[in-house]
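Asks: This is the content of query.cif (mmCIF, C-alpha atoms):
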```
data_start
#
loop_
_atom_site.label_atom_id
_atom_site.label_comp_id
_atom_site.auth_asym_id
_atom_site.auth_seq_id
_atom_site.Cartn_x
_atom_site.Cartn_y
_atom_site.Cartn_z
CA MET H 267 27.30 19.66 56.69
CA THR H 268 30.40 17.58 57.12
CA GLU H 269 29.43 15.58 54.01
CA THR H 270 31.06 18.17 51.79
CA LEU H 271 34.41 17.28 53.33
CA VAL H 272 34.15 13.60 52.47
CA PRO H 273 36.29 12.70 49.44
CA GLN H 274 34.36 11.04 46.63
CA ILE H 275 35.16 8.18 44.32
CA SER H 276 33.67 8.27 40.84
CA ARG H 277 31.81 5.41 39.24
CA GLU H 278 34.43 5.27 36.47
CA GLU H 279 37.24 4.77 38.94
CA LEU H 280 35.25 2.17 40.81
CA VAL H 281 34.59 0.23 37.61
CA ALA H 282 38.24 0.47 36.60
CA ARG H 283 39.44 -0.78 39.94
CA LEU H 284 36.81 -3.44 40.51
CA HIS H 285 39.39 -6.21 40.46
CA ASP H 286 42.16 -4.21 42.04
CA PRO H 287 43.00 -5.94 45.32
CA SER H 288 44.36 -2.72 46.82
CA LEU H 289 40.90 -1.16 46.84
CA THR H 290 38.45 -2.54 49.37
CA ILE H 291 34.82 -1.85 48.51
CA VAL H 292 32.57 -1.72 51.55
CA ASN H 293 28.78 -1.97 51.56
CA VAL H 294 27.38 -0.28 54.68
CA LEU H 295 23.78 -1.36 54.10
CA ALA H 296 22.09 -4.01 56.21
CA ARG H 297 23.29 -7.52 55.52
CA GLU H 298 19.99 -8.44 53.86
CA ALA H 299 20.43 -5.68 51.32
CA TRP H 300 24.01 -6.73 50.71
CA ARG H 301 22.84 -10.28 50.06
CA ALA H 302 20.17 -9.10 47.67
CA GLN H 303 22.59 -7.21 45.42
CA ARG H 304 25.99 -5.64 45.73
CA ILE H 305 28.90 -4.32 43.72
CA PRO H 306 30.98 -7.40 42.88
CA GLY H 307 33.63 -8.13 45.46
CA SER H 308 32.29 -5.68 48.01
CA ILE H 309 32.26 -6.74 51.62
CA SER H 310 29.47 -6.24 54.10
CA LEU H 311 29.94 -3.92 57.05
CA PRO H 312 26.52 -2.66 58.15
CA GLU H 313 26.61 0.86 59.52
CA ALA H 314 25.42 -0.27 62.93
CA GLU H 315 28.38 -2.64 63.25
CA ILE H 316 31.12 -0.31 62.05
CA SER H 317 32.52 0.63 65.43
CA GLU H 318 32.61 -2.99 66.58
CA GLN H 319 33.64 -4.82 63.46
CA ALA H 320 35.72 -2.33 61.49
CA ALA H 321 39.03 -3.40 62.98
CA ARG H 322 38.32 -7.02 62.16
CA VAL H 323 36.98 -6.55 58.65
CA LEU H 324 39.37 -3.78 57.66
CA PRO H 325 42.60 -4.45 59.51
CA ASP H 326 44.60 -1.91 57.51
CA ARG H 327 43.70 1.66 58.41
CA ASP H 328 45.75 3.07 55.57
CA ALA H 329 44.16 0.92 52.87
CA ASP H 330 42.18 2.42 50.04
CA ILE H 331 38.52 2.03 50.91
CA ALA H 332 35.42 2.89 48.91
CA VAL H 333 32.19 3.02 50.82
CA TYR H 334 28.70 2.95 49.33
CA CYS H 335 25.11 2.63 50.46
CA ALA H 336 21.77 2.63 48.68
CA SER H 337 21.62 5.91 46.75
CA PRO H 338 22.75 9.54 46.97
CA THR H 339 22.07 10.92 50.43
CA MET P 117 31.55 6.80 56.35
CA ARG P 118 32.39 9.62 58.78
CA LEU P 119 32.49 6.89 61.36
CA LEU P 120 35.23 5.01 59.52
CA HIS P 121 37.14 8.24 59.23
CA ASP P 122 36.79 8.81 62.94
CA LEU P 123 38.04 5.31 63.62
CA GLY P 124 41.32 6.28 62.02
CA TYR P 125 40.89 5.05 58.45
CA THR P 126 42.79 7.56 56.39
CA ARG P 127 41.87 6.78 52.79
CA VAL P 128 38.13 6.32 52.85
CA ARG P 129 36.14 7.64 49.91
CA ASP P 130 32.44 7.68 49.34
CA PHE P 131 30.71 6.33 46.25
CA ASP P 132 27.82 8.68 46.59
CA GLY P 133 25.55 7.18 43.93
CA GLY P 134 25.42 3.92 45.82
CA ILE P 135 24.03 0.68 44.51
CA ALA P 136 21.27 2.65 42.77
CA GLU P 137 23.68 4.43 40.44
CA TRP P 138 25.54 1.18 39.89
CA THR P 139 22.52 -0.79 38.75
CA GLU P 140 21.12 2.11 36.71
CA ALA P 141 24.38 2.16 34.75
CA GLY P 142 23.71 -1.50 33.94
CA LEU P 143 26.83 -2.70 35.74
CA PRO P 144 26.97 -6.26 37.04
CA VAL P 145 26.01 -7.03 40.62
CA GLU P 146 26.77 -9.95 42.86
CA ARG P 147 24.13 -11.71 44.94
CA GLY P 148 23.89 -14.24 47.71
CA ASP P 149 26.19 -15.30 50.49
CA LEU P 150 29.29 -16.19 48.53
CA PRO P 151 32.06 -14.31 50.33
CA LEU P 152 31.96 -15.02 54.04
CA VAL P 153 30.02 -12.40 55.89
CA ALA P 154 32.20 -9.81 57.57
CA SER P 155 35.41 -11.48 56.61
CA ARG P 156 37.85 -10.22 54.05
CA PRO P 157 37.14 -11.99 50.81
CA GLU P 158 39.94 -13.45 48.76
CA ARG P 159 40.22 -10.45 46.50
CA SER P 160 42.60 -8.95 48.99
CA ALA P 161 44.75 -12.04 49.16
CA ARG P 162 45.25 -12.61 45.47
CA PRO P 163 44.23 -10.54 42.53
CA ARG P 164 41.57 -12.27 40.50
CA PRO P 165 42.54 -13.04 36.96
CA SER P 166 41.07 -10.24 34.92
CA ALA P 167 38.62 -11.02 32.18
CA SER P 168 41.07 -10.03 29.47
CA GLU P 169 43.61 -12.61 30.60
CA PRO P 170 43.40 -15.64 28.30
CA SER P 171 42.39 -18.79 30.12
CA ARG P 172 45.05 -21.43 30.10
CA ALA P 173 44.73 -24.43 27.85
CA GLY P 174 42.85 -27.38 29.29
CA VAL P 175 45.84 -29.72 29.58
CA LEU P 176 48.01 -27.13 31.31
CA ALA P 177 45.25 -26.24 33.74
CA TRP P 178 44.68 -29.92 34.49
CA VAL P 179 48.39 -30.49 35.07
CA SER P 180 48.74 -27.49 37.34
CA ARG P 181 45.89 -28.66 39.57
CA ARG P 182 47.22 -32.19 40.18
CA SER P 183 49.43 -33.29 43.04
CA ILE P 184 52.95 -34.57 42.49
CA GLY P 185 51.80 -38.14 43.24
CA THR P 186 49.06 -38.02 40.61
CA LEU P 187 51.42 -36.57 38.04
CA LEU P 188 53.99 -39.27 38.74
CA TRP P 189 51.33 -41.94 38.29
CA THR P 190 50.17 -40.31 35.07
CA TRP P 191 53.69 -40.28 33.75
CA LEU P 192 54.24 -43.95 34.64
CA SER P 193 50.91 -45.03 33.15
CA ILE P 194 51.54 -43.16 29.90
CA ASN P 195 54.84 -44.96 29.50
CA LEU P 196 53.39 -48.37 30.39
CA VAL P 197 50.34 -47.99 28.14
CA CYS P 198 52.47 -46.77 25.24
CA GLY P 199 54.83 -49.71 25.78
CA VAL P 200 51.96 -52.14 25.46
CA VAL P 201 50.63 -50.28 22.40
CA TYR P 202 54.04 -50.54 20.66
CA TRP P 203 53.98 -54.24 21.33
CA LEU P 204 50.41 -54.65 20.06
CA VAL P 205 51.05 -52.61 16.93
CA SER P 206 54.03 -54.81 16.14
CA PHE P 207 51.50 -57.52 15.20
CA ILE P 208 50.64 -55.40 12.14
CA PRO P 209 53.26 -56.11 9.51
CA GLY P 210 55.42 -53.13 8.64
CA HIS P 211 54.66 -51.33 11.91
CA GLY P 212 55.96 -51.60 15.44
CA LEU P 213 59.45 -51.58 16.85
CA ARG P 214 62.61 -52.77 15.24
CA GLU P 215 66.02 -53.59 16.55
CA PRO P 216 68.70 -52.44 14.13
CA ALA P 217 69.15 -55.88 12.63
CA GLN P 218 65.65 -57.40 12.61
CA PRO P 219 62.03 -56.76 13.66
CA MET P 220 61.26 -57.75 17.23
CA GLY P 221 59.22 -60.86 17.89
CA HIS P 222 55.83 -60.99 19.57
CA GLY P 223 56.64 -62.86 22.79
CA ALA P 224 56.94 -61.76 26.41
CA ALA P 225 60.53 -60.63 25.82
CA ALA P 226 59.29 -58.33 23.07
CA LEU P 227 56.65 -56.84 25.41
CA LEU P 228 59.37 -56.05 27.93
CA GLU P 229 61.51 -54.52 25.23
CA SER P 230 58.56 -52.40 24.12
CA VAL P 231 58.06 -51.10 27.64
CA TYR P 232 61.78 -50.41 27.86
CA PHE P 233 61.64 -48.45 24.59
CA SER P 234 58.61 -46.57 25.89
CA PHE P 235 60.44 -45.40 29.01
CA VAL P 236 63.54 -44.44 27.02
CA THR P 237 61.26 -42.35 24.80
CA GLY P 238 59.26 -40.94 27.74
CA LEU P 239 62.46 -39.76 29.39
CA SER P 240 63.58 -38.28 26.04
CA ILE P 241 66.76 -40.31 26.19
CA GLY P 242 66.50 -41.98 22.78
CA PHE P 243 69.37 -44.48 22.84
CA GLY P 244 68.50 -45.62 19.36
CA ASP P 245 69.01 -49.33 20.13
CA ILE P 246 65.34 -49.90 19.26
CA VAL P 247 63.58 -47.76 16.67
CA PRO P 248 59.90 -47.27 15.85
CA VAL P 249 58.76 -48.08 12.36
CA GLY P 250 55.61 -46.99 10.54
CA ALA P 251 52.62 -45.42 12.34
CA VAL P 252 54.21 -46.04 15.70
CA ARG P 253 56.64 -43.20 15.02
CA VAL P 254 53.81 -40.69 15.45
CA LEU P 255 52.87 -42.18 18.79
CA ALA P 256 56.49 -42.15 19.93
CA VAL P 257 56.84 -38.45 19.17
CA LEU P 258 53.55 -37.62 20.89
CA GLN P 259 54.51 -39.68 23.91
CA GLY P 260 57.85 -37.91 24.12
CA GLY P 261 56.13 -34.52 24.12
CA VAL P 262 53.45 -35.33 26.67
CA CYS P 263 55.86 -37.05 29.05
CA LEU P 264 58.23 -34.11 28.86
CA LEU P 265 55.38 -31.79 29.85
CA VAL P 266 54.24 -33.95 32.76
CA PHE P 267 57.79 -34.45 33.95
CA GLY P 268 58.39 -30.71 33.81
CA ALA P 269 55.28 -30.13 35.88
CA ILE P 270 56.52 -32.59 38.50
CA ILE P 271 59.88 -30.83 38.75
CA SER P 272 58.29 -27.39 38.94
CA LYS P 273 55.97 -28.55 41.69
CA LEU P 274 58.89 -29.91 43.66
CA VAL P 275 60.74 -26.62 43.30
CA SER P 276 57.76 -24.41 44.13
CA GLY P 277 56.99 -26.55 47.19
CA ARG P 278 60.47 -25.81 48.49
CA GLN P 279 60.04 -22.15 47.64
CA GLU P 280 56.86 -21.94 49.68
CA GLU P 281 58.67 -23.51 52.62
CA LEU P 282 61.40 -20.92 52.30
CA THR P 283 58.95 -18.04 52.10
CA GLU P 284 57.23 -19.28 55.20
CA GLU P 285 60.55 -19.52 56.97
CA ILE P 286 61.40 -15.95 55.97
CA HIS P 287 58.04 -14.74 57.24
CA HIS P 288 58.66 -16.52 60.49
CA ILE P 289 62.10 -14.97 60.92
CA ALA P 290 60.74 -11.50 60.10
CA PHE P 291 57.96 -12.01 62.62
CA GLU P 292 60.35 -13.07 65.39
CA ASP P 293 62.55 -10.13 64.55
CA ARG P 294 59.64 -7.74 64.77
CA LEU P 295 58.54 -9.23 68.08
CA GLY P 296 62.04 -8.74 69.44
CA ARG P 297 62.04 -5.11 68.36
CA VAL P 298 58.62 -4.46 69.85
CA ARG P 299 59.78 -5.90 73.17
CA THR P 300 62.99 -3.90 73.25
CA ASN P 301 61.30 -0.65 72.27
CA LEU P 302 58.53 -1.15 74.77
CA HIS P 303 61.07 -1.76 77.47
CA LEU P 304 63.04 1.36 76.53
CA VAL P 305 60.03 3.61 76.29
CA VAL P 306 58.56 2.36 79.55
CA SER P 307 61.81 3.00 81.43
CA GLU P 308 61.99 6.44 79.83
CA ILE P 309 58.47 7.21 81.05
CA GLN P 310 59.39 5.97 84.50
CA GLN P 311 62.46 8.15 84.54
CA ILE P 312 60.50 11.23 83.54
CA SER P 313 57.92 10.36 86.17
CA GLU P 314 60.58 10.73 88.84
CA SER P 315 60.21 14.47 88.47
CA CYS P 316 56.63 14.06 89.73
CA GLY P 317 55.42 13.91 93.32
CA ASP P 318 55.42 16.14 96.39
CA GLY P 319 53.73 18.85 94.40
CA ARG P 320 56.54 18.88 91.80
CA ARG P 321 55.72 18.79 88.13
CA PRO P 322 57.76 18.05 85.03
CA SER P 323 59.34 21.28 83.85
CA ALA P 324 58.70 22.75 80.42
CA GLY P 325 62.17 21.53 79.48
CA MET P 326 60.97 17.95 79.84
CA GLN P 327 58.27 18.51 77.26
CA GLY P 328 60.35 17.29 74.32
CA ARG P 329 61.26 14.07 76.08
CA ILE P 330 57.67 13.44 77.08
CA GLU P 331 56.41 14.07 73.56
CA SER P 332 58.90 11.77 71.91
CA ALA P 333 58.25 9.07 74.51
CA ALA P 334 54.53 9.37 73.77
CA ALA P 335 55.15 9.15 70.03
CA ILE P 336 57.28 6.01 70.34
CA PHE P 337 54.88 4.52 72.82
CA SER P 338 51.92 4.98 70.49
CA GLY P 339 53.95 3.44 67.64
CA GLU P 340 54.70 0.39 69.75
CA LEU P 341 51.11 0.13 70.85
CA ARG P 342 50.11 0.12 67.20
CA ALA P 343 52.52 -2.73 66.55
CA VAL P 344 51.04 -4.75 69.41
CA HIS P 345 47.54 -3.91 68.22
CA ASP P 346 48.46 -5.22 64.75
CA LEU P 347 49.87 -8.34 66.31
CA LEU P 348 46.57 -9.05 68.03
CA TYR P 349 44.37 -8.12 65.10
CA ARG P 350 46.27 -9.90 62.33
CA PRO P 351 46.16 -13.36 63.67
CA GLN P 352 47.94 -15.22 60.84
CA THR P 353 50.85 -15.73 63.18
CA SER P 354 50.55 -15.43 66.88
CA PRO P 355 53.45 -15.17 69.32
CA ASP P 356 53.92 -17.71 72.10
CA GLU P 357 51.75 -17.18 75.09
CA ASP P 358 54.57 -16.20 77.44
CA VAL P 359 56.05 -13.77 74.92
CA LEU P 360 52.65 -12.20 74.44
CA GLU P 361 52.14 -12.01 78.18
CA SER P 362 55.41 -10.20 78.71
CA ILE P 363 54.51 -7.74 75.95
CA LEU P 364 51.05 -7.14 77.38
CA ALA P 365 52.41 -6.75 80.90
CA HIS P 366 54.94 -4.20 79.70
CA LEU P 367 52.26 -2.37 77.80
CA GLU P 368 49.96 -2.30 80.77
CA GLY P 369 52.73 -1.03 83.06
CA GLY P 370 53.67 1.60 80.52
CA LEU P 371 50.11 2.84 80.17
CA ARG P 372 49.73 3.04 83.93
CA ASP P 373 52.94 5.03 84.33
CA PHE P 374 52.05 7.22 81.38
CA ARG P 375 48.67 8.04 82.90
CA GLN P 376 50.29 8.98 86.19
CA LEU P 377 52.76 11.15 84.36
CA LEU P 378 49.97 12.92 82.49
CA ALA P 379 48.06 13.39 85.72
CA CYS P 380 50.94 15.23 87.32
CA MET P 381 51.65 17.47 84.33
CA SER P 382 50.29 20.98 84.13
CA ASP P 383 47.30 21.44 81.85
CA GLU P 384 49.25 23.72 79.63
CA LEU P 385 51.97 21.11 78.91
CA ARG P 386 49.44 18.33 78.58
CA ARG P 387 47.45 20.14 75.93
CA THR P 388 50.24 20.65 73.40
CA PRO P 389 49.01 19.40 70.01
CA SER P 390 51.66 16.72 69.52
CA LEU P 391 51.17 15.18 72.95
CA ALA P 392 47.38 15.41 72.75
CA ALA P 393 47.39 13.68 69.33
CA ASN P 394 49.53 10.82 70.61
CA VAL P 395 47.40 10.43 73.70
CA ARG P 396 44.36 10.21 71.44
CA VAL P 397 45.99 7.47 69.38
CA LEU P 398 47.05 5.62 72.51
CA ALA P 399 43.55 5.78 73.96
CA ARG P 400 41.91 4.68 70.72
CA LEU P 401 44.22 1.74 70.07
CA ALA P 402 44.33 0.56 73.66
CA ASN P 403 40.56 0.73 73.80
CA GLU P 404 40.44 -2.01 71.18
CA ILE P 405 42.57 -4.35 73.24
CA CYS P 406 40.46 -6.43 75.56
CA GLY P 407 39.84 -10.11 76.17
CA GLU P 408 36.61 -10.15 74.19
CA CYS P 409 37.32 -7.71 71.37
CA VAL P 410 40.49 -9.18 69.86
CA PRO P 411 39.63 -11.62 67.08
CA ARG P 412 41.40 -14.61 68.55
CA GLU P 413 40.74 -16.61 71.69
CA HIS P 414 43.45 -16.23 74.34
CA ALA P 415 44.17 -17.81 77.73
CA PRO P 416 42.30 -16.20 80.66
CA HIS P 417 45.40 -14.62 82.22
CA LEU P 418 46.17 -12.92 78.89
CA LYS P 419 42.61 -11.62 78.72
CA VAL P 420 43.07 -10.09 82.16
CA TRP P 421 46.04 -8.09 80.87
CA MET P 422 44.08 -7.02 77.81
CA ASP P 423 41.14 -5.90 79.91
CA ARG P 424 43.45 -3.85 82.09
CA ILE P 425 44.89 -2.20 78.99
CA GLN P 426 41.39 -1.28 77.88
CA GLY P 427 40.72 0.05 81.37
CA HIS P 428 43.69 2.40 81.03
CA ALA P 429 42.42 3.48 77.63
CA ARG P 430 39.10 4.51 79.12
CA GLU P 431 40.86 6.43 81.88
CA LEU P 432 43.04 8.16 79.32
CA ALA P 433 40.01 9.09 77.22
CA SER P 434 38.05 10.40 80.17
CA ALA P 435 41.05 12.35 81.49
CA ARG P 436 41.29 13.97 78.08
CA ALA P 437 37.63 14.92 78.12
#
```
Reformat the file's structure so that it appears as structure tokens.

Replies:
Amino acid sequence: MTETLVPQISREELVARLHDPSLTIVNVLAREAWRAQRIPGSISLPEAEISEQAARVLPDRDADIAVYCASPT
Amino acid sequence: MRLLHDLGYTRVRDFDGGIAEWTEAGLPVERGDLPLVASRPERSARPRPSASEPSRAGVLAWVSRRSIGTLLWTWLSINLVCGVVYWLVSFIPGHGLREPAQPMGHGAAALLESVYFSFVTGLSIGFGDIVPVGAVRVLAVLQGGVCLLVFGAIISKLVSGRQEELTEEIHHIAFEDRLGRVRTNLHLVVSEIQQISESCGDGRRPSAGMQGRIESAAAIFSGELRAVHDLLYRPQTSPDEDVLESILAHLEGGLRDFRQLLACMSDELRRTPSLAANVRVLARLANEICGECVPREHAPHLKVWMDRIQGHARELASARA
């Protein structure tokens, strides 16, 4: 229900900003899946570890972040 | 994704199609372990050269990767080798070096003169006391060009080395300055909280008129806590242990006093949106400060302070609930 409130990023924008250092792309799948294939430059932050690791992996809370997982949910 | 939002990340967006949409569109993927797991890859530190950017010519790239020592050696060897070549070529009639009056001989003195000419050319001085004749002229021009390039690279490396030192120094000064401000502000806000707390006790409560002061103290306090949090979580530069201890001790004292103040306030005053929001921020940030959760190893007595700060955070959170 809350999903409708989540802002979306389009594939076009993601492609355009793939090498833009101000956008951090985060893969929330398990690390195995991230290893198998990922959007270039995306970092691994498995969903289960978000609360523990987020502050370390994403130190800037105001940074532009794009999150993705396997497929539309 | 909601979780990140709840953790205070403000600009999170969802790429709903996920890796499935990405691969279906035929876009490139990356595999394997290349960027370190759970660490920020370099893309944040320095923008990668984009594909459209022309790659630099081989020689320039080679030059830019070498150290000053290597470049200096290269420069010297070019001049020495060319010197010997000038001397060797002078065995071919009609080529080689010439002093204004007559061709140079072939002995040891001539070799030295050739090396001398080579260095004069390499430094682009060109006295003109010795001149190349025949095919050697081409070599002399080439040598002049290449040596100029290498010499330029050496100078630019020297300059950029100094620049890096300066930048580091500026960063250091800015860091010290920031530390100083954090300490002063913490001190001020903690004494303000203590002063307000004096209106507590014996069944007395802070009056509604105090509300503004309490709210602004809470806002500044949460700002300072954020600064300290940043300090602990961005470990490029770390303050001295005793400086950090004094900051942590102040923070701990402030949180304790602030909790007591909240405890003695009436529910109605405590629940105002601005105060409640700041308390939430304080609890969330302080909850991430503990001996084990900060990314860097600290001395045991510092960890004790951090653990106490986290303890206050939990109390704050539970008091709120």

Asks: Could you please determine the separation between CA of Ile425 in chain P and CA of Asp373 in chain P in Å, to one decimal place?

Replies: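 These two atoms are separated by 12.1 Å.
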
Asks: Would you translate the PyMOL selection byres ((chain H and resi 299) around 12) into the concrete set of residues it matches in this file, as a VMD selection string?

Replies: (chain H and resid 293 to 298 300 to 305 309 to 312 335 to 336) or (chain P and resid 135 to 136 146 to 149)

Asks: Only residues of chain H matter here; which ones have an atom within 8 Å of chain P, counting only C-alpha atoms? Give them as an mmCIF file with C-alpha atoms, in the coordinates of the input.

Replies:
```cif
data_model
loop_
_atom_site.group_PDB
_atom_site.id
_atom_site.type_symbol
_atom_site.label_atom_id
_atom_site.label_comp_id
_atom_site.auth_asym_id
_atom_site.auth_seq_id
_atom_site.Cartn_x
_atom_site.Cartn_y
_atom_site.Cartn_z
ATOM 1 C CA VAL H 272 34.150 13.600 52.470
ATOM 2 C CA PRO H 273 36.290 12.700 49.440
ATOM 3 C CA GLN H 274 34.360 11.040 46.630
ATOM 4 C CA ILE H 275 35.160 8.180 44.320
ATOM 5 C CA SER H 276 33.670 8.270 40.840
ATOM 6 C CA ARG H 277 31.810 5.410 39.240
ATOM 7 C CA HIS H 285 39.390 -6.210 40.460
ATOM 8 C CA ASP H 286 42.160 -4.210 42.040
ATOM 9 C CA PRO H 287 43.000 -5.940 45.320
ATOM 10 C CA SER H 288 44.360 -2.720 46.820
ATOM 11 C CA THR H 290 38.450 -2.540 49.370
ATOM 12 C CA TRP H 300 24.010 -6.730 50.710
ATOM 13 C CA ARG H 301 22.840 -10.280 50.060
ATOM 14 C CA ALA H 302 20.170 -9.100 47.670
ATOM 15 C CA GLN H 303 22.590 -7.210 45.420
ATOM 16 C CA ARG H 304 25.990 -5.640 45.730
ATOM 17 C CA ILE H 305 28.900 -4.320 43.720
ATOM 18 C CA PRO H 306 30.980 -7.400 42.880
ATOM 19 C CA GLY H 307 33.630 -8.130 45.460
ATOM 20 C CA ILE H 309 32.260 -6.740 51.620
ATOM 21 C CA SER H 310 29.470 -6.240 54.100
ATOM 22 C CA LEU H 311 29.940 -3.920 57.050
ATOM 23 C CA ILE H 316 31.120 -0.310 62.050
ATOM 24 C CA SER H 317 32.520 0.630 65.430
ATOM 25 C CA GLN H 319 33.640 -4.820 63.460
ATOM 26 C CA ALA H 320 35.720 -2.330 61.490
ATOM 27 C CA ALA H 321 39.030 -3.400 62.980
ATOM 28 C CA ARG H 322 38.320 -7.020 62.160
ATOM 29 C CA VAL H 323 36.980 -6.550 58.650
ATOM 30 C CA LEU H 324 39.370 -3.780 57.660
ATOM 31 C CA PRO H 325 42.600 -4.450 59.510
ATOM 32 C CA ASP H 326 44.600 -1.910 57.510
ATOM 33 C CA ARG H 327 43.700 1.660 58.410
ATOM 34 C CA ASP H 328 45.750 3.070 55.570
ATOM 35 C CA ALA H 329 44.160 0.920 52.870
ATOM 36 C CA ASP H 330 42.180 2.420 50.040
ATOM 37 C CA ILE H 331 38.520 2.030 50.910
ATOM 38 C CA ALA H 332 35.420 2.890 48.910
ATOM 39 C CA VAL H 333 32.190 3.020 50.820
ATOM 40 C CA TYR H 334 28.700 2.950 49.330
ATOM 41 C CA CYS H 335 25.110 2.630 50.460
ATOM 42 C CA ALA H 336 21.770 2.630 48.680
ATOM 43 C CA SER H 337 21.620 5.910 46.750
ATOM 44 C CA PRO H 338 22.750 9.540 46.970
ATOM 45 C CA THR H 339 22.070 10.920 50.430
#
```

Asks: Need the neighbours of (46.7, 7.8, 67.4): which residues are at most 9 Å away, counting only C-alpha atoms, as a PyMOL selection string?

Replies: chain P and resi 124+335+338-339+342+393-401

Asks: Just the number, please: distance in Å from CA of Arg297 in chain P to CA of Leu364 in chain P, one decimal.

Replies: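 Answer for the CA of Arg297 in chain P to CA of Leu364 in chain P separation: 14.4 Å.
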
Asks: Mind giving me the straight-line distance from CA of Leu255 in chain P to CA of Leu176 in chain P in Å, one decimal?

Replies: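 Between CA of Leu255 in chain P and CA of Leu176 in chain P the gap works out to 20.2 Å.
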
Asks: Applying 9 Å and only C-alpha atoms, which residues near Glu408 in chain P remain after dropping the ones on its own chain fewer than 2 positions away? List them as a PyMOL selection string.

Replies: chain P and resi 405-406+410-413+419+422-423

Asks: Evaluate the PyMOL selection byres ((chain P and resi 239) around 10) on the structure here and hand back the selected residues as a PyMOL selection string.

Replies: chain P and resi 191+195+233-238+240-242+259-261+263-264+267

Asks: Can you report as lines of an AutoDock Vina configuration file the centre and edge lengths in Å, to one decimal, of an axis-aligned box around the listed atoms of range 286-292 of chain P padded with 3 Å on each side?

Replies:
```
center_x = 60.0
center_y = -14.0
center_z = 60.7
size_x = 10.1
size_y = 11.0
size_z = 15.4
```

Asks: Please write the residues picked by the PyMOL selection byres ((chain P and resi 300) around 12) on this file as a list in words.

Replies: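 That expression, the PyMOL selection byres ((chain P and resi 300) around 12), corresponds here to Asp293, Arg294, Leu295, Gly296, Arg297, Val298, Arg299, Asn301, Leu302, His303, Leu304, Val305, Val306, Ser307, Ile336, Phe337, Glu340, Ser362, Ile363, His366 and Leu367 of chain P.
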
Asks: Please determine, counting all atoms listed in the file, which residue among P:Tyr202, P:Val252, P:Pro355, P:Ala217 has the shortest atom-to-atom distance to Glu229 in chain P.

Replies: P:Tyr202
